[in-house]
Structure formats: C-alpha cells, structure tokens
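Shown here: query_12.txt, compact mmCIF, C-alpha atoms.
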```txt
# COMPACT_ATOMS: atom_id res chain seq x y z
CA MET A 19 9.37 -33.58 50.26
CA PRO A 20 6.91 -36.42 50.76
CA THR A 21 8.39 -39.86 50.17
CA GLU A 22 6.77 -42.82 48.45
CA HIS A 23 5.36 -43.96 51.78
CA ASP A 24 3.97 -40.55 52.61
CA VAL A 25 2.11 -40.56 49.31
CA VAL A 26 0.63 -44.00 49.90
CA ALA A 27 -0.40 -42.99 53.41
CA ARG A 28 -2.15 -39.84 52.22
CA VAL A 29 -4.10 -41.20 49.28
CA HIS A 30 -7.00 -43.50 50.09
CA SER A 31 -6.81 -46.92 48.38
CA LEU A 32 -3.31 -46.29 47.03
CA THR A 33 -0.63 -48.97 47.42
CA VAL A 34 3.11 -48.87 46.82
CA THR A 35 2.69 -51.30 43.94
CA ARG A 36 0.08 -49.21 42.18
CA LEU A 37 2.15 -46.06 42.60
CA ARG A 38 5.27 -47.73 41.16
CA ILE A 39 3.31 -49.03 38.17
CA TRP A 40 2.08 -45.52 37.41
CA VAL A 41 5.58 -44.13 37.73
CA SER A 42 6.92 -46.81 35.37
CA GLN A 43 4.12 -46.00 32.91
CA GLY A 44 5.04 -42.33 33.12
CA LEU A 45 1.63 -41.35 34.47
CA ILE A 46 3.35 -39.92 37.51
CA LYS A 47 6.76 -38.36 37.39
CA PRO A 48 8.27 -37.97 40.85
CA ALA A 49 9.33 -34.38 41.42
CA ASP A 50 12.76 -35.72 42.34
CA GLU A 51 13.24 -39.02 40.56
CA THR A 52 16.49 -40.16 42.12
CA ALA A 53 15.28 -39.53 45.66
CA ARG A 54 11.82 -40.88 44.84
CA SER A 55 10.24 -37.90 46.45
CA TYR A 56 6.96 -36.38 45.38
CA SER A 57 5.30 -32.98 45.27
CA GLU A 58 1.77 -32.01 46.27
CA THR A 59 0.91 -32.05 42.56
CA ASP A 60 2.07 -35.65 42.25
CA ILE A 61 -0.05 -36.59 45.26
CA ALA A 62 -3.13 -34.90 43.79
CA ARG A 63 -2.47 -36.72 40.55
CA ALA A 64 -2.21 -40.09 42.28
CA ASP A 65 -5.46 -39.29 44.06
CA LEU A 66 -7.05 -38.48 40.69
CA ILE A 67 -5.98 -41.82 39.21
CA CYS A 68 -7.41 -43.65 42.20
CA THR A 69 -10.67 -41.74 41.87
CA LEU A 70 -10.92 -42.47 38.15
CA GLU A 71 -10.35 -46.19 38.66
CA ASP A 72 -11.94 -46.93 42.01
CA GLU A 73 -14.71 -44.40 42.43
CA LEU A 74 -15.77 -43.69 38.87
CA GLY A 75 -15.05 -47.21 37.64
CA PHE A 76 -12.93 -46.39 34.58
CA ASP A 77 -10.90 -49.33 33.29
CA GLU A 78 -7.22 -49.31 34.12
CA GLU A 79 -6.29 -49.22 30.45
CA ASP A 80 -8.50 -46.16 29.83
CA VAL A 81 -6.85 -44.07 32.51
CA PRO A 82 -3.69 -43.14 30.53
CA VAL A 83 -5.98 -41.91 27.73
CA LEU A 84 -7.97 -39.82 30.16
CA LEU A 85 -4.85 -38.38 31.78
CA ASN A 86 -3.43 -37.53 28.37
CA LEU A 87 -6.60 -35.60 27.53
CA ILE A 88 -6.68 -33.90 30.92
CA ASP A 89 -3.03 -32.87 30.46
CA GLN A 90 -3.81 -31.46 27.04
CA ILE A 91 -6.71 -29.45 28.46
CA HIS A 92 -4.52 -27.95 31.15
CA GLY A 93 -1.84 -27.23 28.60
CA LEU A 94 -4.36 -25.39 26.46
CA ARG A 95 -5.88 -23.57 29.37
CA SER A 96 -2.49 -22.41 30.52
CA GLU A 97 -1.63 -21.15 27.03
CA LEU A 98 -4.94 -19.34 26.84
CA ARG A 99 -4.52 -17.73 30.20
CA GLY A 100 -1.06 -16.52 29.26
CA LEU A 101 -2.35 -15.17 25.97
CA LEU A 102 -5.24 -13.36 27.60
CA GLU A 103 -2.97 -11.87 30.22
CA VAL A 104 -0.74 -10.51 27.46
CA LEU A 105 -3.78 -9.15 25.62
CA ASP A 106 -5.00 -7.53 28.79
CA GLU A 107 -1.84 -5.42 28.96
CA LEU A 108 -2.21 -4.02 25.44
CA PRO A 109 -3.53 -0.47 24.88
CA SER A 110 -7.30 -0.45 24.76
CA ASP A 111 -7.59 0.35 21.05
CA MET A 112 -5.45 -2.67 20.21
CA ARG A 113 -7.55 -4.83 22.49
CA SER A 114 -10.66 -3.59 20.69
CA THR A 115 -9.10 -4.49 17.37
CA VAL A 116 -8.19 -7.98 18.56
CA ARG A 117 -11.63 -8.42 20.05
CA MET A 118 -13.29 -7.29 16.83
CA ARG A 119 -11.22 -9.70 14.75
CA ILE A 120 -12.03 -12.55 17.09
CA GLU A 121 -15.71 -11.81 16.73
CA ASN A 122 -15.50 -11.43 12.97
CA ARG A 123 -13.71 -14.75 12.83
CA ARG A 124 -16.38 -16.37 14.90
CA ARG A 125 -19.07 -15.10 12.57
CA GLY A 126 -17.09 -16.74 9.77
CA MET B 10 -29.28 -29.88 50.92
CA ALA B 11 -32.87 -30.77 51.36
CA GLU B 12 -33.22 -32.69 48.12
CA ASP B 13 -34.03 -36.33 48.04
CA LEU B 14 -30.81 -38.29 47.70
CA TYR B 15 -32.36 -40.93 45.46
CA SER B 16 -33.67 -38.44 42.92
CA GLU B 17 -30.28 -36.72 43.01
CA LEU B 18 -28.84 -39.89 41.48
CA GLY B 19 -31.94 -40.63 39.44
CA VAL B 20 -32.64 -44.00 41.09
CA SER B 21 -35.69 -45.37 42.92
CA LYS B 22 -35.84 -45.87 46.67
CA THR B 23 -35.79 -49.61 46.13
CA ALA B 24 -32.70 -49.56 43.88
CA LYS B 25 -30.11 -52.25 44.56
CA ALA B 26 -26.61 -51.22 45.66
CA GLY B 27 -25.24 -52.09 42.20
CA GLU B 28 -27.77 -49.81 40.49
CA ILE B 29 -26.86 -46.94 42.76
CA THR B 30 -23.15 -47.31 42.00
CA LYS B 31 -23.87 -47.57 38.29
CA ALA B 32 -26.04 -44.45 38.35
CA TYR B 33 -23.44 -42.56 40.36
CA ARG B 34 -20.58 -43.52 38.07
CA LYS B 35 -22.50 -42.57 34.98
CA LEU B 36 -23.16 -39.09 36.37
CA ALA B 37 -19.71 -38.70 37.92
CA LYS B 38 -17.95 -39.50 34.65
CA LYS B 39 -19.82 -36.65 33.13
CA LEU B 40 -19.49 -34.17 35.99
CA HIS B 41 -16.18 -34.83 37.79
CA PRO B 42 -14.34 -31.50 38.25
CA ASP B 43 -11.10 -32.89 36.87
CA LEU B 44 -12.92 -33.80 33.70
CA ASN B 45 -14.56 -30.36 33.55
CA PRO B 46 -11.98 -27.83 34.70
CA GLY B 47 -13.49 -24.39 34.79
CA ASP B 48 -17.10 -25.51 34.81
CA LYS B 49 -18.67 -24.32 38.05
CA ALA B 50 -22.13 -25.73 37.29
CA ALA B 51 -20.73 -29.21 36.75
CA GLU B 52 -18.76 -28.92 39.97
CA ASP B 53 -21.84 -27.95 42.02
CA ARG B 54 -23.81 -30.79 40.53
CA PHE B 55 -20.95 -33.20 41.17
CA LYS B 56 -20.82 -32.21 44.83
CA LYS B 57 -24.47 -33.07 45.20
CA ILE B 58 -24.29 -36.47 43.54
CA SER B 59 -21.10 -37.47 45.33
CA HIS B 60 -22.67 -36.46 48.61
CA ALA B 61 -25.77 -38.50 47.83
CA TYR B 62 -23.61 -41.45 46.87
CA SER B 63 -21.51 -41.20 50.02
CA ILE B 64 -24.64 -41.90 52.07
CA LEU B 65 -26.46 -44.32 49.80
CA LYS B 66 -23.46 -46.56 49.08
CA ASP B 67 -23.08 -47.30 52.80
CA PRO B 68 -25.79 -49.81 53.86
CA ASP B 69 -25.86 -48.52 57.44
CA LYS B 70 -26.16 -44.85 56.46
CA ARG B 71 -28.67 -45.67 53.76
CA GLY B 72 -30.80 -47.45 56.36
CA GLN B 73 -30.58 -44.47 58.71
CA TYR B 74 -31.53 -42.13 55.91
CA ASP B 75 -34.48 -44.33 54.86
CA ARG B 76 -35.71 -44.44 58.45
CA GLY B 77 -35.35 -40.68 58.75
CA GLU B 78 -32.65 -40.92 61.42
CA ILE B 79 -30.37 -38.66 59.39
CA ASP B 80 -31.51 -36.05 56.91
CA ALA B 81 -30.26 -35.56 53.43
CA SER B 82 -27.36 -33.42 54.59
CA GLY B 83 -25.85 -36.37 56.49
CA GLN B 84 -22.23 -35.65 57.30
CA GLU B 85 -20.03 -33.48 55.24
CA ARG B 86 -17.25 -35.20 53.41
CA PRO B 87 -13.73 -33.97 54.03
CA GLU B 88 -12.59 -31.28 51.66
CA ALA B 89 -12.05 -32.89 48.27
CA ARG B 90 -8.65 -32.71 46.64
CA TYR B 91 -8.73 -32.09 42.92
CA TYR B 92 -5.84 -32.40 40.56
CA ARG B 93 -7.01 -29.40 38.57
CA GLU B 94 -6.07 -27.09 41.43
CA HIS B 95 -2.48 -28.15 40.94
CA ALA B 96 -2.49 -28.60 37.21
CA GLY B 97 -2.68 -24.86 36.49
CA GLY B 98 0.19 -23.94 38.78
CA PRO B 99 3.91 -23.91 38.00
CA GLU B 100 4.27 -27.46 39.35
CA GLY B 101 1.61 -28.75 36.97
CA ALA B 102 3.73 -27.68 34.00
CA ARG B 103 5.60 -31.01 34.14
CA TYR B 104 2.43 -32.83 33.16
CA ARG B 105 0.93 -30.28 30.87
CA SER B 106 0.72 -31.38 27.28
CA SER B 107 0.88 -29.21 24.21
CA ALA B 108 0.38 -32.11 21.83
CA GLY B 109 -3.06 -30.96 20.83
CA PHE B 110 -2.34 -27.48 19.53
CA GLU B 111 1.14 -27.39 18.06
CA ASP B 112 -0.43 -27.06 14.64
CA MET B 113 -2.06 -23.78 15.62
CA GLY B 114 1.25 -21.99 15.14
CA ASP B 115 0.87 -18.26 15.26
CA PHE B 116 -2.89 -18.09 15.03
CA SER B 117 -3.18 -16.66 18.46
CA ASP B 118 -6.62 -15.21 17.79
CA LEU B 119 -7.86 -18.75 17.90
CA PHE B 120 -7.15 -18.97 21.60
CA GLY B 121 -9.10 -15.86 22.35
CA ASP B 122 -11.84 -17.11 20.10
CA MET B 123 -12.23 -20.23 22.16
CA PHE B 124 -12.24 -18.36 25.38
CA THR B 125 -14.30 -15.26 25.02
CA GLY B 126 -17.82 -14.22 25.75
CA ALA B 127 -20.50 -16.42 24.26
CA ARG B 128 -18.75 -19.73 24.85
CA GLY B 129 -18.68 -19.57 28.63
CA GLY B 130 -16.45 -17.65 30.92
CA ARG B 131 -13.13 -18.52 32.37
CA ARG B 132 -12.84 -19.13 36.08
CA GLY B 133 -9.75 -18.63 38.15
CA GLY B 134 -6.73 -16.64 37.08
CA ALA B 135 -6.76 -12.96 36.36
CA GLN B 136 -10.02 -11.31 35.39
CA PHE B 137 -9.92 -10.56 31.68
CA SER B 138 -11.29 -7.18 30.73
CA MET B 139 -11.73 -5.72 27.31
CA ARG B 140 -13.56 -2.73 25.92
CA GLY B 141 -16.65 -3.64 23.93
CA GLN B 142 -16.64 -3.62 20.17
CA ASP B 143 -17.76 -0.50 18.32
CA ALA B 144 -21.06 -0.98 16.55
CA GLN B 145 -21.44 0.48 13.07
CA TYR B 146 -24.66 1.85 11.69
CA HIS B 147 -25.73 3.86 8.66
CA LEU B 148 -28.39 6.53 8.85
CA ASP B 149 -29.94 8.38 5.90
CA ILE B 150 -31.41 11.75 6.79
CA ASN B 151 -33.16 14.57 4.91
CA PHE B 152 -31.16 17.44 3.54
CA LEU B 153 -32.79 19.99 5.83
CA ASP B 154 -32.32 17.78 8.93
CA ALA B 155 -28.62 17.56 8.08
CA VAL B 156 -28.33 21.31 7.68
CA ASN B 157 -30.44 22.38 10.65
CA GLY B 158 -29.81 19.42 13.00
CA THR B 159 -32.46 17.15 14.49
CA LYS B 160 -33.06 14.32 16.89
CA THR B 161 -33.93 10.91 15.55
CA ARG B 162 -34.23 7.34 16.71
CA ILE B 163 -32.64 4.34 14.97
CA THR B 164 -34.23 0.92 15.31
CA LEU B 165 -31.44 -1.62 15.61
CA PRO B 166 -31.44 -5.09 14.03
CA ASP B 167 -31.93 -6.65 17.46
CA GLY B 168 -35.06 -4.59 18.08
CA GLY B 169 -33.41 -2.08 20.39
CA THR B 170 -33.38 1.63 19.68
CA LEU B 171 -30.70 4.26 19.63
CA ASP B 172 -31.40 7.98 20.04
CA VAL B 173 -29.18 10.05 17.80
CA THR B 174 -28.77 13.81 17.98
CA ILE B 175 -27.79 15.14 14.58
CA PRO B 176 -25.77 18.32 15.03
CA PRO B 177 -26.53 21.17 12.57
CA GLY B 178 -24.33 21.11 9.50
CA VAL B 179 -23.55 17.40 9.41
CA SER B 180 -22.34 16.35 5.98
CA GLU B 181 -22.54 13.29 3.78
CA GLY B 182 -20.27 10.47 4.99
CA GLN B 183 -19.59 12.04 8.36
CA VAL B 184 -19.45 9.57 11.27
CA LEU B 185 -21.06 10.40 14.59
CA ARG B 186 -19.56 8.64 17.61
CA LEU B 187 -22.02 7.84 20.41
CA LYS B 188 -19.93 7.06 23.48
CA GLY B 189 -20.74 3.78 25.19
CA LYS B 190 -23.58 2.84 22.86
CA GLY B 191 -21.72 -0.04 21.17
CA MET B 192 -21.31 -3.66 22.20
CA PRO B 193 -20.97 -4.45 25.90
CA GLY B 194 -17.44 -4.89 27.25
CA MET B 195 -15.96 -8.04 28.72
CA GLY B 196 -15.19 -8.23 32.42
CA GLU B 197 -14.55 -4.75 33.73
CA GLY B 198 -14.18 -3.37 30.20
CA PRO B 199 -16.42 -0.45 29.18
CA PRO B 200 -18.87 -0.82 26.30
CA GLY B 201 -17.77 0.21 22.82
CA ASP B 202 -19.10 3.21 20.92
CA ALA B 203 -21.79 3.33 18.28
CA LEU B 204 -20.45 4.74 15.02
CA VAL B 205 -23.23 6.20 12.92
CA GLU B 206 -22.32 7.03 9.35
CA ILE B 207 -24.58 9.72 7.97
CA GLY B 208 -26.02 9.68 4.49
CA VAL B 209 -27.73 12.87 3.31
CA ARG B 210 -30.59 12.61 0.82
CA GLY B 211 -30.75 15.11 -1.99
CA HIS B 212 -33.16 18.08 -1.97
CA PRO B 213 -35.16 19.17 -5.03
CA VAL B 214 -34.27 22.84 -4.50
CA PHE B 215 -31.20 23.18 -2.29
CA THR B 216 -27.68 21.95 -2.84
CA ARG B 217 -24.71 22.48 -0.63
CA GLU B 218 -21.22 23.77 -1.35
CA GLY B 219 -19.26 23.67 1.88
CA SER B 220 -21.03 26.07 4.20
CA ASP B 221 -22.94 27.75 1.41
CA ILE B 222 -26.41 26.78 0.21
CA VAL B 223 -27.08 27.13 -3.50
CA VAL B 224 -30.54 27.69 -4.96
CA GLU B 225 -31.48 28.26 -8.59
CA VAL B 226 -34.25 30.82 -8.84
CA PRO B 227 -36.04 31.50 -12.10
CA ILE B 228 -37.06 35.10 -12.78
CA SER B 229 -39.34 36.40 -15.47
CA PHE B 230 -38.22 38.40 -18.49
CA ASP B 231 -39.76 41.59 -17.10
CA GLU B 232 -38.26 41.05 -13.60
CA ALA B 233 -34.87 40.74 -15.26
CA VAL B 234 -35.33 43.94 -17.18
CA LEU B 235 -37.02 46.05 -14.53
CA GLY B 236 -35.81 44.49 -11.28
CA GLY B 237 -38.06 43.90 -8.31
CA LYS B 238 -38.74 41.89 -5.15
CA VAL B 239 -38.71 38.11 -5.54
CA GLU B 240 -39.63 35.49 -2.94
CA VAL B 241 -36.79 32.98 -2.46
CA PRO B 242 -36.74 29.79 -0.32
CA THR B 243 -33.92 29.48 2.24
CA ILE B 244 -33.14 26.68 4.69
CA SER B 245 -34.94 28.68 7.36
CA GLY B 246 -37.99 29.79 5.40
CA ARG B 247 -38.88 32.18 2.59
CA VAL B 248 -37.34 35.62 2.27
CA ALA B 249 -37.91 38.52 -0.12
CA VAL B 250 -34.90 39.29 -2.27
CA THR B 251 -34.39 42.37 -4.43
CA VAL B 252 -33.40 41.47 -7.96
CA PRO B 253 -31.59 44.44 -9.47
CA ALA B 254 -32.85 45.86 -12.77
CA GLY B 255 -30.97 44.38 -15.71
CA SER B 256 -30.29 41.00 -14.11
CA ASN B 257 -29.31 38.11 -16.28
CA SER B 258 -29.18 34.30 -16.30
CA GLY B 259 -26.14 32.92 -14.46
CA GLN B 260 -25.89 35.93 -12.23
CA THR B 261 -25.61 35.12 -8.53
CA LEU B 262 -26.98 37.04 -5.56
CA ARG B 263 -25.42 36.41 -2.18
CA LEU B 264 -27.62 36.30 0.93
CA LYS B 265 -25.19 36.87 3.81
CA GLY B 266 -25.47 34.52 6.78
CA ARG B 267 -28.19 32.38 5.25
CA GLY B 268 -25.93 29.32 4.86
CA VAL B 269 -25.17 26.36 7.09
CA LYS B 270 -25.14 27.16 10.84
CA GLY B 271 -25.20 30.89 10.00
CA LYS B 272 -21.60 30.64 8.86
CA GLY B 273 -22.05 30.32 5.14
CA ASP B 274 -24.19 32.31 2.73
CA GLN B 275 -27.01 31.39 0.43
CA LEU B 276 -26.18 31.83 -3.22
CA VAL B 277 -29.15 32.59 -5.43
CA LYS B 278 -28.45 31.72 -9.05
CA LEU B 279 -30.78 33.58 -11.37
CA THR B 280 -32.22 32.09 -14.53
CA VAL B 281 -34.30 34.23 -16.83
CA MET B 282 -37.36 32.30 -17.96
CA MET B 283 -39.30 33.40 -21.05
CA PRO B 284 -43.07 33.03 -20.75
CA GLU B 285 -44.32 29.61 -21.79
CA THR B 286 -46.23 31.02 -24.74
CA ILE B 287 -45.01 34.01 -26.72
CA ASP B 288 -48.07 36.13 -27.49
CA ASP B 289 -48.55 38.61 -30.32
CA ASP B 290 -47.75 41.61 -28.12
CA LEU B 291 -44.36 40.27 -27.24
CA LYS B 292 -43.67 39.17 -30.78
CA ARG B 293 -44.52 42.61 -32.12
CA PHE B 294 -42.40 44.31 -29.45
CA ALA B 295 -39.39 42.12 -30.25
CA GLU B 296 -39.67 42.76 -33.96
CA ASP B 297 -39.77 46.53 -33.41
CA TRP B 298 -37.01 46.40 -30.81
CA ARG B 299 -34.69 44.38 -33.01
CA LYS B 300 -34.79 46.99 -35.79
CA SER B 301 -32.96 49.59 -33.73
CA HIS B 302 -31.30 47.60 -30.85
CA ALA B 303 -29.84 44.47 -32.40
CA TYR B 304 -26.95 42.97 -30.29
CA ASP B 305 -24.77 39.90 -30.56
CA PRO B 306 -24.65 37.81 -27.31
CA ARG B 307 -22.24 35.37 -29.06
CA SER B 308 -19.47 37.78 -29.93
CA LYS B 309 -17.23 36.36 -27.18
CA LEU B 310 -18.00 32.84 -28.27
CA LYS B 311 -16.85 33.63 -31.80
CA GLU B 312 -13.61 35.17 -30.53
CA GLN B 313 -12.74 32.23 -28.37
CA ALA B 314 -13.63 29.30 -30.58
```

Will you turn the file into structure tokens for me?
Amino acid sequence: MPTEHDVVARVHSLTVTRLRIWVSQGLIKPADETARSYSETDIARADLICTLEDELGFDEEDVPVLLNLIDQIHGLRSELRGLLEVLDELPSDMRSTVRMRIENRRRG
Amino acid sequence: MAEDLYSELGVSKTAKAGEITKAYRKLAKKLHPDLNPGDKAAEDRFKKISHAYSILKDPDKRGQYDRGEIDASGQERPEARYYREHAGGPEGARYRSSAGFEDMGDFSDLFGDMFTGARGGRRGGAQFSMRGQDAQYHLDINFLDAVNGTKTRITLPDGGTLDVTIPPGVSEGQVLRLKGKGMPGMGEGPPGDALVEIGVRGHPVFTREGSDIVVEVPISFDEAVLGGKVEVPTISGRVAVTVPAGSNSGQTLRLKGRGVKGKGDQLVKLTVMMPETIDDDLKRFAEDWRKSHAYDPRSKLKEQA
C-alpha cells in the first residue's frame, strides 16, 4: 500500500503538511490509519482536493463543503445504481408496473 | 482540435494572464468531471478548456501558439485522474455519504424517477433495460363495423397515427392489444403495447344479444293474417323472409346463421302495425266480424292478476 510519501510524490503540488491537515480534518481517511497507508482512492481524492484549490481556485474553506456534496452525489448514485440493478432483475410485467408508476408520479 | 484556443476560453487574443486564469476557472468550476459525474457533454467540454488553458497559461507555449509554431492541438496532457472513477467502486464507499436522502425512507420509486428517461441517461454501470409502458386509447366505432370488422386509423394526441384492425364480432368494452405500439422501451427493453378499448355506438335498427342480432320488424294487419314475403334488413344486407299466416306481435322468427361472424342467428321480432288511419271499410268489417267472432285477448291477464 502506498505510504504518505508515495502519495505526496504522486500528486502534483501536494505536500506532507497539506495531506496531514486533510487527514486531521477527516477529508481523507487513510485506508489503514495505524500504518498511515493509503489506497488508490485516497490518492485520487488528494489529487481532487489539490485540483479544486490550486487549479480551479476554490477557497480552502469551501473545499470541505464541496467534498461533502460530491460524497453525497456518489452516495446517491450508488444507491440508484443498486436500485436499478434490482429492478432490472424483476419479471418484465413488474418492471412495466414500476416504470408506469414512476411516469405517473412524474406527471404529478 | 482545430478550434481557436482563445475562443475556447472565451477570452481575446490580447487577454492578460490573469484574465485567462479567471476565465478558465469560471468554466472549470462549472464543467469539472468530479463536479458533474455522469455528464459526458460536460466532460468533453472540460477537456477542451483544460487543454486550451494548459497552453495559454504557459507564456512560452502561448507565444509559440501565437506565432503559429504549434497548432491548437499542442501536446496532449497526461491521462487525467478523476476521483469519480474511484468514488463509485467498493473503495469509494468509505467516503460516500447518505446524509442527503435518509428521509426518503422506502420511497424507492423516487430513485428511479430521478434516473430514468427524460432527465438524462446514466453512464457507467450496468445498462438498464425496461419494457416500454403500455399506451391506453379509447376508440368508438359503428355498430356494423364492430359486427363485421373493419380497418381504421386513430390519430394520437401527439399527432402520430395508429392503424387498428377491428376483428369481426368485437364487443363493447373489449380491449385490443397492439403488440409493440406503446411507449418506447428503455435501454434494450422492447416497446410497450397499445391497448385500445372499444366502444360500440348504438344502431337505430339492430341490437346485439351475444352472437345473435335482434331486429324488430313491423308487419301489416293483412300480412299478419294472410302471411307473405317481407323484406328484412340483416347485418349483411336485405333478405326476404316468409311471415307465416296468422303471425302475431311478439312472435320471433329465427334466421339461421345471420348473426355475428356467422355463428349466431338473427332474431326477427314481429310487431303488427294497424294502418295509420282506420277507413270506413275496415271499420265496417270489424263491426261485422265482432258480431260472430268476438274473443278475449285478456283472459290470461285476468286469471293471473
């Protein structure tokens, strides 16, 4: 598993200090906290925070808000995908019924 | 990538470095793939602006581009790494938040509602397929078209048309199912069916009892007494029917095989009609006839009530 130094080496404009701040803020949760080792997801997340702050120019204090919203979106998307996969396995007449109700609901 | 890099960012060729960064950030905040997961159009657009910015933010490269030493394609950036590619996977679950939809409880239809059809497709993950919705229509047809069958065309609310073949013998309230003529399916799903509910208009002469057709036919006083050939309408044209001598109102003649689809019969209910005006001849005849042939048509009525 990549260590703290591996992460810093792989993400442009990341420093050990910045990474530790994010970990202390809970923005990044090391895959293995005691060993301070990180997963590819953690690295991508660190890269995202750098991009938001350095490239897109978001303020440091706005980034936790953004990450919270992004996390919510992925949570929702994952729930939706799971739901749709379950629906997809239902018999076709049940799927039609669900589909019809969804459309009726949408029409209000 | 032959577009002009400056117009890609919406800045002029003389824009200062600060303006270019400002323009880029404004667009990137709107289009960054991690802020628009699942939106391919935003991603394509973002690639273009970030490519333009990668050249224009660098004074050396910008100079080369302005002098025509490199074209708009410049050098490709290394493959971008986006968090969203990880966020959907099992690893991403640690960061995923459900704070925003706990209150939705069991209303699972809501999820589908947000995700389906009109509001933009889902990218990535399994392809979601669903059979199209059945479309419901109502069609009023003439009595004879219902009995004999016909072909007709419905004009739909959206301006489209639907050809409907009415089979012979269709009855009021019956629903015809037209395979695949309903709403389009989602993904690989087949379209739904069109369900056409049939309404049958009344006919001034014919009524229907199951497979039988019933017609009331008036006959004259003399036809009732003497019998004779009478022309009677049927669902397939007029036919001559022999009324036996001594026929009476309420009596029914059965025409075999003249009903619906050749299965049922036509029932001819006779009604004796007196002439509209009773002339002296008839009056005199009735007076004479009564003297020696009086009869009581209400004897049964008296017995029973």

| field | Expected answer as an MDAnalysis selection string: chain A residues within 8 Å of chain B, only C-alpha atoms | value | chainID A and resid 58:59 62:63 65:66 73:75 86 88:96 98:99 101:103 106 110 113:114 116:121 123:124

| By how many Å are CA of Gly211 (chain B) and CA of Val281 (chain B) apart? |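 Taking CA of Gly211 (chain B) and CA of Val281 (chain B), their separation equals 24.5 Å.
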
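CA of Val209 (chain B) sits 17.8 Å away from CA of Asp172 (chain B).
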
| Proximity to Ser31 (chain A) - best of A:Met19, A:Leu87, A:Cys68, A:Ala49, all atoms listed in the file |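 Of A:Met19, A:Leu87, A:Cys68, A:Ala49, the one nearest Ser31 (chain A) is A:Cys68, counting all atoms listed in the file.
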
| field | Within 7 Å of file point (-27.7, 22.5, 8.1), counting only C-alpha atoms, expressed as JSON, numbers by chain | value | {"B": [153, 154, 155, 156, 157, 158, 177, 178, 179, 269, 270]}

| query | So how many Å separate CA of Trp298 (chain B) and CA of Ala233 (chain B), to one decimal? | reply |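 Going from CA of Trp298 (chain B) over to CA of Ala233 (chain B) covers 16.7 Å.
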
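Using only C-alpha atoms, every residue with an atom at most 6 Å from the point (-24.1, 2.2, 17.2) is listed here: B:Ala144, B:Gln145, B:Tyr146, B:Lys190, B:Gly191, B:Ala203, B:Leu204, B:Val205.
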
Using only the atoms of region 82-90 of chain A listed in the file, plus 6 Å on each side, state the axis-aligned box centre and edge lengths in Å rounded to one decimal, as lines of an AutoDock Vina configuration file.
```
center_x = -5.5
center_y = -37.3
center_z = 29.4
size_x = 16.9
size_y = 23.7
size_z = 16.7
```

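Using all atoms listed in the file, the shortest contact distance between Thr69 (chain A) and any of B:Pro253, B:Leu262, B:Glu285, B:Pro42 is found at B:Pro42.
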
Could I get region 89-100 of chain B from the block written as a JSON list (two decimals), in the first residue's frame, with C-alpha atoms?
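Saved as out_15.json:
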```json
[["chain", "number", "residue", "atom", "x", "y", "z"],
["B", 89, "ALA", "CA", -6.22, 12.82, -16.14],
["B", 90, "ARG", "CA", -7.03, 11.12, -12.86],
["B", 91, "TYR", "CA", -10.54, 11.75, -11.60],
["B", 92, "TYR", "CA", -11.85, 10.93, -8.20],
["B", 93, "ARG", "CA", -15.21, 9.93, -9.62],
["B", 94, "GLU", "CA", -13.67, 6.83, -11.18],
["B", 95, "HIS", "CA", -12.88, 5.62, -7.68],
["B", 96, "ALA", "CA", -15.88, 7.02, -5.88],
["B", 97, "GLY", "CA", -18.31, 4.52, -7.42],
["B", 98, "GLY", "CA", -16.23, 1.47, -6.60],
["B", 99, "PRO", "CA", -16.18, -0.55, -3.38],
["B", 100, "GLU", "CA", -13.27, 1.52, -2.06]]
```
